[in-house]
file data_8.txt (compact mmCIF, C-alpha atoms)
# COMPACT_ATOMS: atom_id res chain seq x y z
CA MET X 1 28.72 37.12 29.04
CA MET X 2 31.00 34.45 30.44
CA ASN X 3 29.21 34.59 33.79
CA ASN X 4 25.86 34.10 32.03
CA ASN X 5 27.24 31.03 30.26
CA ARG X 6 28.45 29.61 33.57
CA ILE X 7 24.98 30.01 35.01
CA MET X 8 22.99 28.87 31.99
CA ARG X 9 25.12 25.81 31.15
CA PRO X 10 24.20 23.82 34.29
CA VAL X 11 20.58 24.97 33.94
CA ARG X 12 20.42 23.68 30.36
CA GLU X 13 22.12 20.45 31.41
CA TYR X 14 19.65 20.02 34.25
CA PHE X 15 16.62 20.39 31.96
CA LYS X 16 18.23 18.07 29.42
CA GLN X 17 18.68 15.34 32.04
CA ASN X 18 15.26 15.76 33.67
CA TRP X 19 12.97 16.78 30.80
CA GLY X 20 10.99 13.52 31.09
CA ILE X 21 9.91 13.89 34.70
CA LEU X 22 9.47 17.66 34.29
CA LEU X 23 7.06 16.95 31.45
CA ALA X 24 5.27 14.38 33.60
CA LEU X 25 4.95 16.91 36.44
CA PHE X 26 3.56 19.56 34.09
CA GLY X 27 1.12 17.04 32.58
CA MET X 28 -0.20 15.98 35.99
CA CYS X 29 -0.67 19.59 37.08
CA LEU X 30 -2.60 20.25 33.86
CA VAL X 31 -4.86 17.21 34.36
CA PHE X 32 -5.62 18.06 37.99
CA THR X 33 -6.25 21.70 37.08
CA ILE X 34 -8.86 20.62 34.53
CA PHE X 35 -10.51 17.76 36.40
CA GLY X 36 -9.75 18.54 40.04
CA ASN X 37 -11.57 21.04 42.24
CA ASN X 38 -9.62 24.17 43.19
CA PHE X 39 -6.19 22.69 42.39
CA LEU X 40 -4.58 26.06 41.64
CA THR X 41 -6.13 27.98 44.53
CA GLN X 42 -3.82 29.60 47.07
CA THR X 43 -5.18 27.47 49.91
CA ASN X 44 -4.56 24.25 48.03
CA ILE X 45 -1.07 25.28 46.92
CA VAL X 46 -0.16 26.02 50.55
CA ASN X 47 -1.48 22.61 51.63
CA LEU X 48 0.40 20.95 48.76
CA LEU X 49 3.66 22.62 49.75
CA ARG X 50 3.21 21.58 53.40
CA THR X 51 2.71 17.96 52.31
CA CYS X 52 5.75 18.13 50.03
CA ALA X 53 7.86 19.54 52.86
CA THR X 54 7.01 16.61 55.16
CA ASN X 55 7.97 14.10 52.47
CA CYS X 56 11.09 16.05 51.55
CA TYR X 57 12.57 15.83 55.06
CA LEU X 58 12.48 12.03 54.84
CA ALA X 59 13.41 11.92 51.15
CA ILE X 60 16.67 13.81 51.74
CA GLY X 61 17.88 11.12 54.13
CA VAL X 62 16.54 8.26 52.01
CA GLN X 63 18.26 9.66 48.91
CA LEU X 64 21.62 9.76 50.71
CA ALA X 65 21.17 6.13 51.77
CA ILE X 66 20.24 5.07 48.22
CA ILE X 67 23.26 6.91 46.78
CA LEU X 68 25.28 4.60 49.03
CA ALA X 69 23.45 1.66 47.36
CA GLY X 70 21.51 1.19 50.62
CA ILE X 71 18.04 2.04 51.89
CA ASP X 72 16.35 3.48 54.98
CA LEU X 73 12.89 2.16 55.86
CA THR X 74 12.81 3.68 59.34
CA GLY X 75 11.48 7.12 58.41
CA GLY X 76 7.74 6.96 59.11
CA ALA X 77 7.99 4.97 62.34
CA LEU X 78 10.90 7.08 63.59
CA ALA X 79 8.92 10.25 62.87
CA ALA X 80 6.09 8.88 65.02
CA LEU X 81 8.49 8.05 67.87
CA SER X 82 10.16 11.48 67.64
CA GLY X 83 6.81 13.25 67.76
CA VAL X 84 5.69 11.29 70.82
CA ILE X 85 8.96 11.93 72.67
CA CYS X 86 8.93 15.60 71.68
CA VAL X 87 5.46 16.28 73.13
CA MET X 88 6.01 14.10 76.21
CA THR X 89 9.19 16.02 77.04
CA PHE X 90 7.45 19.34 77.64
CA GLU X 91 3.94 18.12 78.51
CA ASN X 92 4.72 15.20 80.84
CA ALA X 93 8.25 15.98 82.00
CA GLY X 94 7.60 19.71 82.44
CA LEU X 95 10.63 20.84 80.44
CA PRO X 96 10.63 23.86 78.10
CA MET X 97 9.16 23.53 74.62
CA TRP X 98 12.55 23.92 72.93
CA ALA X 99 13.81 20.95 74.96
CA GLY X 100 11.03 18.84 73.46
CA ILE X 101 12.01 19.87 69.94
CA VAL X 102 15.65 19.04 70.66
CA ALA X 103 14.66 15.70 72.21
CA GLY X 104 12.60 14.75 69.14
CA ILE X 105 15.45 15.52 66.74
CA LEU X 106 18.00 13.90 69.06
CA ILE X 107 16.15 10.57 69.20
CA GLY X 108 16.10 10.57 65.40
CA LEU X 109 19.83 11.23 65.30
CA ILE X 110 20.54 8.45 67.82
CA VAL X 111 18.41 5.89 65.96
CA GLY X 112 20.05 6.90 62.68
CA PHE X 113 23.49 6.47 64.24
CA ILE X 114 22.53 3.00 65.49
CA ASN X 115 21.28 2.08 62.00
CA GLY X 116 24.55 3.22 60.47
CA ALA X 117 26.70 1.47 63.04
CA VAL X 118 24.82 -1.84 62.67
CA VAL X 119 24.95 -1.65 58.87
CA THR X 120 28.65 -0.82 58.95
CA TYR X 121 30.01 -3.22 61.55
CA THR X 122 27.74 -6.24 61.14
CA GLU X 123 27.50 -6.03 57.33
CA ILE X 124 23.79 -6.90 57.57
CA HIS X 125 21.97 -5.47 54.55
CA PRO X 126 20.46 -2.01 55.25
CA PHE X 127 17.04 -3.28 54.18
CA VAL X 128 17.00 -5.79 57.04
CA VAL X 129 18.50 -3.40 59.61
CA THR X 130 16.13 -0.52 58.90
CA LEU X 131 13.09 -2.78 58.54
CA ALA X 132 13.82 -4.17 62.02
CA MET X 133 14.39 -0.67 63.40
CA GLN X 134 11.10 0.42 61.85
CA SER X 135 9.30 -2.17 63.96
CA ILE X 136 11.28 -1.21 67.08
CA CYS X 137 10.48 2.50 66.68
CA ARG X 138 6.79 1.93 66.00
CA GLY X 139 6.43 -0.40 68.99
CA THR X 140 8.33 1.98 71.28
CA ALA X 141 6.12 4.88 70.21
CA TYR X 142 2.99 2.89 71.12
CA LEU X 143 4.49 1.80 74.44
CA LEU X 144 5.50 5.33 75.47
CA ALA X 145 2.14 6.79 74.49
CA ASN X 146 0.10 3.86 75.86
CA GLY X 147 -1.41 3.50 72.41
CA SER X 148 -3.03 6.95 72.46
CA PRO X 149 -2.02 10.38 71.11
CA VAL X 150 -0.08 12.61 73.49
CA THR X 151 -1.79 15.98 73.10
CA THR X 152 -0.64 19.53 73.78
CA THR X 153 -2.31 22.94 73.92
CA ASN X 154 0.97 24.83 73.56
CA ARG X 155 0.26 27.36 70.81
CA SER X 156 3.91 28.25 70.32
CA PHE X 157 4.65 24.63 69.56
CA SER X 158 1.71 24.37 67.16
CA SER X 159 2.94 27.43 65.27
CA PHE X 160 6.26 25.63 64.73
CA GLY X 161 4.44 23.41 62.23
CA THR X 162 1.53 25.61 61.13
CA GLY X 163 3.03 29.11 61.16
CA MET X 164 3.79 31.28 58.16
CA LEU X 165 6.74 33.45 57.13
CA GLY X 166 4.80 35.98 55.08
CA PRO X 167 2.91 33.88 52.50
CA ILE X 168 5.23 30.88 52.93
CA PRO X 169 4.46 28.06 55.41
CA LEU X 170 7.24 27.53 57.96
CA PRO X 171 7.65 23.83 57.01
CA VAL X 172 8.49 24.99 53.47
CA VAL X 173 11.08 27.40 54.88
CA TYR X 174 12.67 24.51 56.81
CA MET X 175 12.56 22.37 53.65
CA THR X 176 14.37 25.05 51.65
CA ILE X 177 17.11 25.31 54.27
CA PHE X 178 17.62 21.53 54.31
CA LEU X 179 17.69 21.34 50.50
CA ILE X 180 20.38 24.04 50.39
CA PHE X 181 22.36 22.10 53.00
CA ASP X 182 21.91 18.89 51.00
CA PHE X 183 23.08 20.59 47.79
CA PHE X 184 26.24 21.94 49.39
CA LEU X 185 26.94 18.64 51.14
CA LEU X 186 26.75 16.63 47.91
CA ASN X 187 28.27 19.13 45.50
CA LYS X 188 30.63 21.39 47.41
CA THR X 189 32.26 19.22 50.07
CA ARG X 190 34.75 16.38 50.19
CA THR X 191 32.25 14.36 52.22
CA GLY X 192 29.73 14.62 49.37
CA ARG X 193 32.29 13.38 46.85
CA HIS X 194 33.08 10.50 49.18
CA ILE X 195 29.38 9.57 49.44
CA TYR X 196 29.15 9.30 45.66
CA ALA X 197 32.43 7.38 45.51
CA VAL X 198 31.38 4.83 48.13
CA GLY X 199 28.03 4.31 46.45
CA GLY X 200 29.60 4.00 43.01
CA ASN X 201 32.30 1.50 43.93
CA GLU X 202 32.93 0.73 47.60
CA THR X 203 36.07 -1.34 46.93
CA ALA X 204 37.68 1.39 44.83
CA ALA X 205 36.72 3.99 47.43
CA ARG X 206 38.37 1.95 50.18
CA PHE X 207 41.60 1.61 48.20
CA SER X 208 41.59 5.34 47.51
CA GLY X 209 41.76 5.99 51.25
CA ILE X 210 38.14 6.96 51.97
CA ASN X 211 36.92 6.12 55.46
CA ILE X 212 34.01 3.87 54.41
CA ASN X 213 32.73 3.33 57.95
CA LYS X 214 32.61 7.04 58.71
CA ILE X 215 30.66 7.81 55.54
CA LYS X 216 28.08 5.07 56.13
CA ILE X 217 27.45 6.04 59.74
CA LEU X 218 27.21 9.72 58.79
CA VAL X 219 24.63 9.09 56.05
CA TRP X 220 22.27 7.03 58.21
CA THR X 221 22.72 9.49 61.09
CA ILE X 222 21.65 12.36 58.83
CA SER X 223 18.70 10.28 57.61
CA GLY X 224 17.64 9.61 61.21
CA ALA X 225 17.95 13.28 62.17
CA MET X 226 15.78 14.26 59.21
CA ALA X 227 13.13 11.73 60.28
CA GLY X 228 13.32 13.13 63.81
CA PHE X 229 12.76 16.66 62.55
CA CYS X 230 9.87 15.42 60.38
CA GLY X 231 8.24 13.90 63.47
CA VAL X 232 8.55 17.16 65.40
CA VAL X 233 6.94 19.16 62.57
CA LEU X 234 4.12 16.62 62.23
CA ALA X 235 3.48 16.70 65.97
CA ALA X 236 3.37 20.50 65.88
CA ARG X 237 0.91 20.47 62.97
CA MET X 238 -1.40 18.01 64.77
CA SER X 239 -0.79 19.46 68.27
CA SER X 240 -0.07 15.91 69.41
CA GLY X 241 2.47 13.13 69.23
CA GLN X 242 0.66 10.23 67.58
CA PRO X 243 2.24 6.75 67.57
CA ALA X 244 0.20 5.76 64.49
CA THR X 245 1.36 8.66 62.33
CA GLY X 246 3.83 8.30 59.48
CA GLU X 247 2.63 4.94 58.20
CA GLY X 248 3.75 4.56 54.60
CA TYR X 249 5.80 7.76 54.64
CA GLU X 250 9.00 5.87 53.81
CA THR X 251 7.31 4.64 50.61
CA ASP X 252 6.64 8.22 49.51
CA ALA X 253 10.25 9.18 50.31
CA ILE X 254 11.66 6.26 48.32
CA ALA X 255 9.32 7.01 45.41
CA ALA X 256 10.40 10.66 45.39
CA ALA X 257 14.08 9.72 45.37
CA VAL X 258 13.90 7.14 42.57
CA LEU X 259 11.56 9.32 40.48
CA GLY X 260 14.18 12.06 40.80
CA GLY X 261 16.81 9.83 39.22
CA THR X 262 18.55 8.42 42.29
CA SER X 263 19.86 5.01 41.26
CA PHE X 264 19.39 1.94 43.45
CA PHE X 265 22.76 0.80 42.10
CA GLY X 266 24.39 3.66 44.02
CA GLY X 267 26.61 6.58 43.13
CA THR X 268 23.90 8.63 41.38
CA GLY X 269 21.43 11.24 42.61
CA THR X 270 20.86 14.99 42.50
CA VAL X 271 19.06 17.49 44.70
CA GLY X 272 17.27 18.96 41.67
CA GLY X 273 15.91 15.56 40.73
CA LEU X 274 14.82 14.96 44.31
CA ILE X 275 12.83 18.20 44.33
CA ILE X 276 10.95 17.14 41.19
CA GLY X 277 10.31 13.69 42.67
CA VAL X 278 8.91 15.20 45.86
CA LEU X 279 6.67 17.53 43.85
CA ILE X 280 5.36 14.66 41.70
CA ILE X 281 4.42 12.54 44.73
CA GLY X 282 2.84 15.56 46.41
CA VAL X 283 0.85 16.51 43.30
CA ILE X 284 -0.39 12.93 42.84
CA SER X 285 -1.67 12.69 46.43
CA ASN X 286 -3.15 16.17 46.42
CA GLY X 287 -4.75 15.89 42.99
CA LEU X 288 -6.31 12.50 43.61
CA ASN X 289 -7.75 13.73 46.90
CA LEU X 290 -9.32 16.70 45.12
CA MET X 291 -10.81 14.30 42.56
CA HIS X 292 -12.19 12.20 45.46
CA VAL X 293 -10.28 9.10 44.35
CA ASN X 294 -10.19 6.39 47.02
CA SER X 295 -7.00 6.81 49.06
CA TYR X 296 -6.24 3.10 48.70
CA TRP X 297 -5.64 3.65 44.99
CA GLN X 298 -2.89 6.08 45.91
CA PHE X 299 -0.94 3.25 47.53
CA VAL X 300 -1.40 1.16 44.39
CA LEU X 301 -0.26 3.98 42.13
CA LYS X 302 2.81 4.81 44.21
CA GLY X 303 3.84 1.14 44.23
CA ILE X 304 3.56 1.03 40.43
CA ILE X 305 5.60 4.24 40.19
CA ILE X 306 8.43 2.72 42.23
CA ILE X 307 8.50 -0.46 40.09
CA VAL X 308 8.51 1.53 36.83
CA ALA X 309 11.19 3.93 38.07
CA VAL X 310 13.48 1.11 39.25
CA TYR X 311 12.93 -0.78 35.98
CA ALA X 312 13.84 2.34 33.99
CA ASP X 313 16.97 2.72 36.12
CA ARG X 314 17.85 -0.93 35.46
CA MET X 315 17.50 -0.45 31.70
CA LYS X 316 19.62 2.69 31.89
CA GLN X 317 22.37 0.79 33.72
CA LYS X 318 22.30 -1.97 31.10
CA ARG X 319 22.67 0.56 28.27
CA GLN X 320 25.55 2.26 30.04
CA ASN X 321 27.32 -1.04 30.65
CA ALA X 322 26.81 -2.10 27.04
CA ALA X 323 28.31 1.18 25.83
CA LYS X 324 31.50 0.67 27.84
call {"tool": "encode", "arguments": {"input": "data_8.txt", "output": "structure tokens"}}
result
Amino acid sequence: MMNNNRIMRPVREYFKQNWGILLALFGMCLVFTIFGNNFLTQTNIVNLLRTCATNCYLAIGVQLAIILAGIDLTGGALAALSGVICVMTFENAGLPMWAGIVAGILIGLIVGFINGAVVTYTEIHPFVVTLAMQSICRGTAYLLANGSPVTTTNRSFSSFGTGMLGPIPLPVVYMTIFLIFDFFLLNKTRTGRHIYAVGGNETAARFSGININKIKILVWTISGAMAGFCGVVLAARMSSGQPATGEGYETDAIAAAVLGGTSFFGGTGTVGGLIIGVLIIGVISNGLNLMHVNSYWQFVLKGIIIIVAVYADRMKQKRQNAAK
């Protein structure tokens, strides 16, 4: 009985904290089921989950940066660069396929490390640093690929992004593994507690003996590695490294994080909330496509979602401050 209470208490608390966005997710699924074509079909659900997985890779890193009261705008462009380098490694350089996958993830890790180091040691705001790196990554991807997709006919590589484990797409399997890692990092490790502490109050965290520099560099390095992995999976799905891919992906990742309750003021964010945020963004894109709504309206809607979510977070912070 006691074990059941230990399990059910956090579940009840989770639903209590997230009932609003859970209700919104259910409502959107209901609307798209009624008015969309084939929303609940197996094929569409598989496509929806693949889309959610791609966004989730980036959103995990973005959420960590936002918990630190920062941001990472590099995701989409870095994914494009990683995909180009990945395919070029085994198609142009003649190395094994696994070396291309490692190279794609490694370039993401390196760029993330550079972002973290610049943010940490120059004290330039992360928005400026990652916006500049976004431009650098996008330009480098175009230069390496000569402005054209770098294609591959390697079926083993394609299956890395399109394969299935039983009825489950491989990208969803990867997503599940990363979400489990993210949960344990934030909730079961000292590093996770330090990330929340730095984001909540950097000055207090420094006086408590936390290595602020190490935490910042680690977070942006993880974010870069996740973007690198995202680029590899995208390249595998398209059988090509495309320098133009990933445009606007960072917006979806940010929207998923803030919809899931990650506060731009830092120190707040949960993996459960992130999952709901990713699902909401995925359902919106998928449902509107099925209803043949112009894709440009999706950009408008996602922008509105971010503004509303940040405003709600602002009001929540004001209420909490007034209650103190």
call {"tool": "closest_residue", "arguments": {"input": "data_8.txt", "among": "X:Gly147, X:Gly70, X:Gly231, X:Gly76", "to": "Glu202 of chain X", "atoms": "all atoms listed in the file"}}
result
X:Gly70
call {"tool": "atom_distance", "arguments": {"input": "data_8.txt", "atom1": "atom CA of Leu279 of chain X", "atom2": "atom CA of Phe184 of chain X"}}
result
20.8 Å
call {"tool": "closest_residue", "arguments": {"input": "data_8.txt", "among": "X:Leu259, X:Ala59, X:Ile280, X:Ile34", "to": "Ala312 of chain X", "atoms": "only C-alpha atoms"}}
result
X:Leu259
call {"tool": "residues_around", "arguments": {"input": "data_8.txt", "residues": "Thr191 of chain X", "least_positions_apart": "5", "cutoff": "8 Å", "atoms": "only C-alpha atoms", "output": "VMD selection string"}}
result
chain X and resid 185 to 186 215
call {"tool": "residues_around", "arguments": {"input": "data_8.txt", "residues": "segment 116-127 of chain X", "least_positions_apart": "3", "cutoff": "9 Å", "atoms": "only C-alpha atoms", "output": "list in words"}}
result
Ala65, Gly70, Ile71, Asp72, Leu73, Val111, Gly112, Phe113, Thr130, Leu131, Ala132, Ile212, Asn213, Lys214, Lys216, Ile217, Leu218, Val219, Trp220 and Thr221 of chain X
call {"tool": "decode", "arguments": {"input": "data_8.txt", "residues": "segment 294-305 of chain X", "atoms": "N, CA and C atoms", "output": "compact mmCIF listing (two decimals), in the first residue's frame"}}
result
# COMPACT_ATOMS: atom_id res chain seq x y z
N ASN X 294 -2.62 26.42 -44.78
CA ASN X 294 -1.37 26.96 -45.31
C ASN X 294 -0.27 26.90 -44.25
N SER X 295 0.89 26.35 -44.65
CA SER X 295 1.98 26.15 -43.68
C SER X 295 2.47 27.45 -43.07
N TYR X 296 2.27 28.57 -43.77
CA TYR X 296 2.70 29.85 -43.22
C TYR X 296 1.92 30.21 -41.96
N TRP X 297 0.67 29.76 -41.88
CA TRP X 297 -0.12 30.02 -40.68
C TRP X 297 0.43 29.27 -39.47
N GLN X 298 1.13 28.18 -39.73
CA GLN X 298 1.73 27.44 -38.62
C GLN X 298 2.80 28.28 -37.93
N PHE X 299 3.59 29.02 -38.72
CA PHE X 299 4.59 29.90 -38.13
C PHE X 299 3.92 30.98 -37.28
N VAL X 300 2.81 31.53 -37.79
CA VAL X 300 2.09 32.55 -37.05
C VAL X 300 1.58 31.99 -35.73
N LEU X 301 0.97 30.81 -35.79
CA LEU X 301 0.39 30.20 -34.60
C LEU X 301 1.45 29.87 -33.56
N LYS X 302 2.59 29.34 -34.00
CA LYS X 302 3.64 28.98 -33.05
C LYS X 302 4.23 30.22 -32.39
N GLY X 303 4.34 31.33 -33.15
CA GLY X 303 4.81 32.58 -32.56
C GLY X 303 3.85 33.08 -31.48
N ILE X 304 2.55 32.99 -31.77
CA ILE X 304 1.55 33.41 -30.78
C ILE X 304 1.63 32.53 -29.54
N ILE X 305 1.83 31.22 -29.74
CA ILE X 305 1.94 30.29 -28.61
C ILE X 305 3.09 30.67 -27.70
